Amino acid sequence: MRLLPPRLSLALPPVKPPTRAQVLAFAVRHRVLLVALAVAALLRFVTVLGYRWAIWFPDSYPYVEIALNPRPDVVRTFGYPFLLLLLRPLHSFAAVITVQHLMGLATAVILYGLLRRPHLFRFGRALPGWAATLAVAPVLFDGNQIELEHLLLSDTYFLLLVAGAVALVLWDSQPAPGKVVAACLLLSMAAITRTIGLPLLIVVLVFLAIRRAGWRTVVAGTATAIVPIAAYMTWYASVNGQFQLSGTDGVFLYSRTMTFADCDNFGDRLPVDAYPLCDSTPPEQRRASHFYVWEESQIFRYPGGIFDPYKSELARTFAKEAIVAQPGDYFTTFLTDFGRTFRWDRPVYPDPKTYGYYLFPKESQPYWPGRDASMARYDVQPEATRVVEPFAGFMRGYQKVVYLPGTVLGVLLLVALAGVVSRWRELGGVILLPFGFALALLVVPPATVLFDYRYVLPAVPFATVAAAIALRNLHTWYRSRNRPDHPSRTPENDTTYVTVG
């Protein structure tokens, strides 16, 4: 008699729900965060009640139109329209904004969980719950952050993707290849959402190489990141004729140089058809750089769209010659804009109109002329934003009082930098990754386009994470110096990665 092999069971083992005691223990352990989340969620609920159902930015309209007619746009990459496309069956801008507010809360939870991981710190001394909650407080409570989440813009989605990538890379003392691959996939999605994600991808790959994560892990992460980006660029090329993420870099860099460029210094090296890009207005009398992209400026002297390939190439050539001829002026311009990040006050910049989009409005907003019909295909509502009191008034007052001053952000970056320097034997240690992300997010915009308050907010969570790790390490070092019985550093508490693969 032949014995048959036993049947293979594909059924998953039953998942036991947590007991009441386990839930209570979890709530007690994270009670400070849970209270903070409840308050932060209430603030966002008040925002939704006060501004029905979203606040619109000039980019909001193209984003929705791209979601309604999917295509690779020359100016705005497809990441955020893809999110809108996924939510389109709900036919509700209220649903989109609710999802964005939940993304903001999720970002705080992810970074809080990361800061509770003992291996990130000296001697495995993780942050207590109250300190980790304090570190993510800017994401939870900053009035400018809440207003940004209520705008139909890509920033909140981008921030969640980047925060998830940081958490995946740092979650274990030795990053698993699978988590690195997932992190690089998130960063590639972030790059397709906002092109500044590309420098972040470079930062994480350099970090993994420095931390000796293993060449197989680095190669796998690189390949995973390249595939979606290359696929999108191929789609872009099939429609727009150029293998790139967007067609804006040349014109944006030109606009950056137009705050100082003097054609007397390099005009003889320009092609003849680039001469109309010169501006005879003295540099000290010129407007902010974004004027040279979106308003009547030299770029409009050429026929066609602002970002036509021909214009973009001429603008790129002009910008390179201006930077080579006037490197000191370029660096001064960059430092001036970069310095705006760290002001205690929040002066109007780059102009009152743009600045106003980052404040909760006082009055209801109609759709832009001629846009209501196309927006109705996504959600039928009579106006873009309906202001409802007293909820709106409360949030306007809240935003004026509760926000992170730029000077405090500067202090956090200095603390993080000190933490990186103190771990010089480990080439910066784990702090290097969040610090590198924060620095890249703050440096790249003023170096390539201009300073904008909107571009500062995504850097804040990573600066606070890096500073929190640095401060905890400093506190642990101080205690070890004053307590002979403090546990010495052991191999299992060492945060240096070993070679994988």
# chains A, B, ... in the order shown; residues from 1 in each chain; ligands from 1

$ select_by_dssp --residues "segment 117-349 of chain A" --states "alpha helix (DSSP H)" --output "VMD selection string"
chain A and resid 129 to 135 137 to 141 143 to 150 155 to 170 177 to 193 197 to 210 215 to 240 249 to 257 291 to 294 309 to 325 327 to 340

$ residues_around --residues "Ile431 of chain A" --least-positions-apart "3" --cutoff "10 Å" --atoms "only C-alpha atoms" --output "PDB file with N, CA and C atoms, in the first residue's frame"
ATOM      1  N   LEU A 120      19.507  53.071  17.953  1.00  0.00           N
ATOM      2  CA  LEU A 120      19.925  54.343  17.372  1.00  0.00           C
ATOM      3  C   LEU A 120      20.790  55.157  18.328  1.00  0.00           C
ATOM      4  N   PHE A 121      20.829  54.785  19.592  1.00  0.00           N
ATOM      5  CA  PHE A 121      21.417  55.640  20.611  1.00  0.00           C
ATOM      6  C   PHE A 121      22.573  54.935  21.322  1.00  0.00           C
ATOM      7  N   LEU A 170      16.623  52.884   8.922  1.00  0.00           N
ATOM      8  CA  LEU A 170      17.182  52.968  10.270  1.00  0.00           C
ATOM      9  C   LEU A 170      16.497  52.067  11.296  1.00  0.00           C
ATOM     10  N   ALA A 416      22.243  68.874  15.519  1.00  0.00           N
ATOM     11  CA  ALA A 416      22.412  67.660  14.709  1.00  0.00           C
ATOM     12  C   ALA A 416      23.806  67.579  14.111  1.00  0.00           C
ATOM     13  N   LEU A 417      24.314  68.713  13.632  1.00  0.00           N
ATOM     14  CA  LEU A 417      25.665  68.739  13.074  1.00  0.00           C
ATOM     15  C   LEU A 417      26.694  68.367  14.141  1.00  0.00           C
ATOM     16  N   ALA A 418      26.512  68.875  15.345  1.00  0.00           N
ATOM     17  CA  ALA A 418      27.411  68.505  16.436  1.00  0.00           C
ATOM     18  C   ALA A 418      27.351  67.006  16.703  1.00  0.00           C
ATOM     19  N   GLY A 419      26.145  66.431  16.597  1.00  0.00           N
ATOM     20  CA  GLY A 419      26.013  64.992  16.776  1.00  0.00           C
ATOM     21  C   GLY A 419      26.735  64.214  15.693  1.00  0.00           C
ATOM     22  N   VAL A 420      26.679  64.708  14.459  1.00  0.00           N
ATOM     23  CA  VAL A 420      27.396  64.054  13.358  1.00  0.00           C
ATOM     24  C   VAL A 420      28.899  64.123  13.593  1.00  0.00           C
ATOM     25  N   VAL A 421      29.394  65.293  13.973  1.00  0.00           N
ATOM     26  CA  VAL A 421      30.829  65.472  14.194  1.00  0.00           C
ATOM     27  C   VAL A 421      31.310  64.612  15.360  1.00  0.00           C
ATOM     28  N   ARG A 423      30.397  61.779  16.194  1.00  0.00           N
ATOM     29  CA  ARG A 423      30.532  60.368  15.794  1.00  0.00           C
ATOM     30  C   ARG A 423      31.417  60.252  14.562  1.00  0.00           C
ATOM     31  N   LEU A 427      31.839  58.096  10.850  1.00  0.00           N
ATOM     32  CA  LEU A 427      31.481  58.963   9.711  1.00  0.00           C
ATOM     33  C   LEU A 427      30.084  59.553   9.881  1.00  0.00           C
ATOM     34  N   GLY A 428      29.788  59.914  11.134  1.00  0.00           N
ATOM     35  CA  GLY A 428      28.518  60.584  11.407  1.00  0.00           C
ATOM     36  C   GLY A 428      27.487  59.722  12.092  1.00  0.00           C
ATOM     37  N   PRO A 434      19.110  61.391   8.658  1.00  0.00           N
ATOM     38  CA  PRO A 434      18.115  62.466   8.777  1.00  0.00           C
ATOM     39  C   PRO A 434      18.721  63.851   8.636  1.00  0.00           C
ATOM     40  N   PHE A 435      19.956  64.049   9.119  1.00  0.00           N
ATOM     41  CA  PHE A 435      20.600  65.349   8.956  1.00  0.00           C
ATOM     42  C   PHE A 435      20.852  65.634   7.473  1.00  0.00           C
ATOM     43  N   GLY A 436      21.316  64.632   6.728  1.00  0.00           N
ATOM     44  CA  GLY A 436      21.544  64.813   5.301  1.00  0.00           C
ATOM     45  C   GLY A 436      20.266  65.132   4.547  1.00  0.00           C
ATOM     46  N   PHE A 462      12.977  65.947   9.852  1.00  0.00           N
ATOM     47  CA  PHE A 462      14.259  65.241   9.830  1.00  0.00           C
ATOM     48  C   PHE A 462      15.316  65.991  10.647  1.00  0.00           C
ATOM     49  N   ALA A 463      15.204  67.316  10.687  1.00  0.00           N
ATOM     50  CA  ALA A 463      16.094  68.083  11.554  1.00  0.00           C
ATOM     51  C   ALA A 463      15.804  67.775  13.021  1.00  0.00           C
ATOM     52  N   VAL A 465      14.440  64.998  14.258  1.00  0.00           N
ATOM     53  CA  VAL A 465      14.873  63.623  14.537  1.00  0.00           C
ATOM     54  C   VAL A 465      16.373  63.570  14.759  1.00  0.00           C
ATOM     55  N   ALA A 466      17.133  64.200  13.867  1.00  0.00           N
ATOM     56  CA  ALA A 466      18.589  64.199  14.000  1.00  0.00           C
ATOM     57  C   ALA A 466      19.022  64.882  15.290  1.00  0.00           C
ATOM     58  N   ALA A 467      18.391  66.015  15.624  1.00  0.00           N
ATOM     59  CA  ALA A 467      18.747  66.723  16.852  1.00  0.00           C
ATOM     60  C   ALA A 467      18.371  65.915  18.084  1.00  0.00           C
ATOM     61  N   ALA A 468      17.238  65.214  18.047  1.00  0.00           N
ATOM     62  CA  ALA A 468      16.820  64.397  19.190  1.00  0.00           C
ATOM     63  C   ALA A 468      17.820  63.283  19.463  1.00  0.00           C
ATOM     64  N   ILE A 469      18.298  62.631  18.416  1.00  0.00           N
ATOM     65  CA  ILE A 469      19.298  61.570  18.598  1.00  0.00           C
ATOM     66  C   ILE A 469      20.584  62.156  19.161  1.00  0.00           C
ATOM     67  N   ALA A 470      20.995  63.306  18.643  1.00  0.00           N
ATOM     68  CA  ALA A 470      22.230  63.934  19.114  1.00  0.00           C
ATOM     69  C   ALA A 470      22.129  64.333  20.583  1.00  0.00           C
TER      70      ALA A 470
END

$ atom_distance --atom1 "atom CA of Leu185 of chain A" --atom2 "atom CA of Ala225 of chain A"
5.2 Å

$ closest_residue --among "A:Arg377, A:His101, A:His290, A:Arg346" --to "Leu37 of chain A" --atoms "only C-alpha atoms"
A:His101

$ closest_residue --among "A:Val324, A:Ala54, A:Leu105, A:Leu205" --to "Thr156 of chain A" --atoms "only C-alpha atoms"
A:Leu105

$ decode --residues "segment 235-257 of chain A" --atoms "C-alpha atoms" --output "short mmCIF file (atom, residue, chain, number, x, y, z; two decimals), in the first residue's frame"
data_model
loop_
_atom_site.label_atom_id
_atom_site.label_comp_id
_atom_site.auth_asym_id
_atom_site.auth_seq_id
_atom_site.Cartn_x
_atom_site.Cartn_y
_atom_site.Cartn_z
CA TRP A 235 6.77 57.65 -20.65
CA TYR A 236 7.73 61.32 -20.47
CA ALA A 237 10.00 60.96 -23.52
CA SER A 238 7.27 59.22 -25.52
CA VAL A 239 5.00 62.24 -25.00
CA ASN A 240 7.38 65.20 -24.68
CA GLY A 241 10.38 63.99 -26.66
CA GLN A 242 13.01 64.20 -23.90
CA PHE A 243 14.21 61.51 -21.49
CA GLN A 244 13.84 63.35 -18.18
CA LEU A 245 11.53 63.79 -15.18
CA SER A 246 10.37 67.29 -16.13
CA GLY A 247 11.27 70.11 -18.46
CA THR A 248 11.70 72.88 -15.91
CA ASP A 249 15.31 72.69 -14.74
CA GLY A 250 16.80 74.98 -17.39
CA VAL A 251 14.25 77.78 -16.97
CA PHE A 252 14.28 77.49 -13.16
CA LEU A 253 18.07 77.71 -13.01
CA TYR A 254 17.92 80.70 -15.36
CA SER A 255 15.48 82.41 -13.01
CA ARG A 256 17.84 81.75 -10.11
CA THR A 257 20.70 83.55 -11.88
#
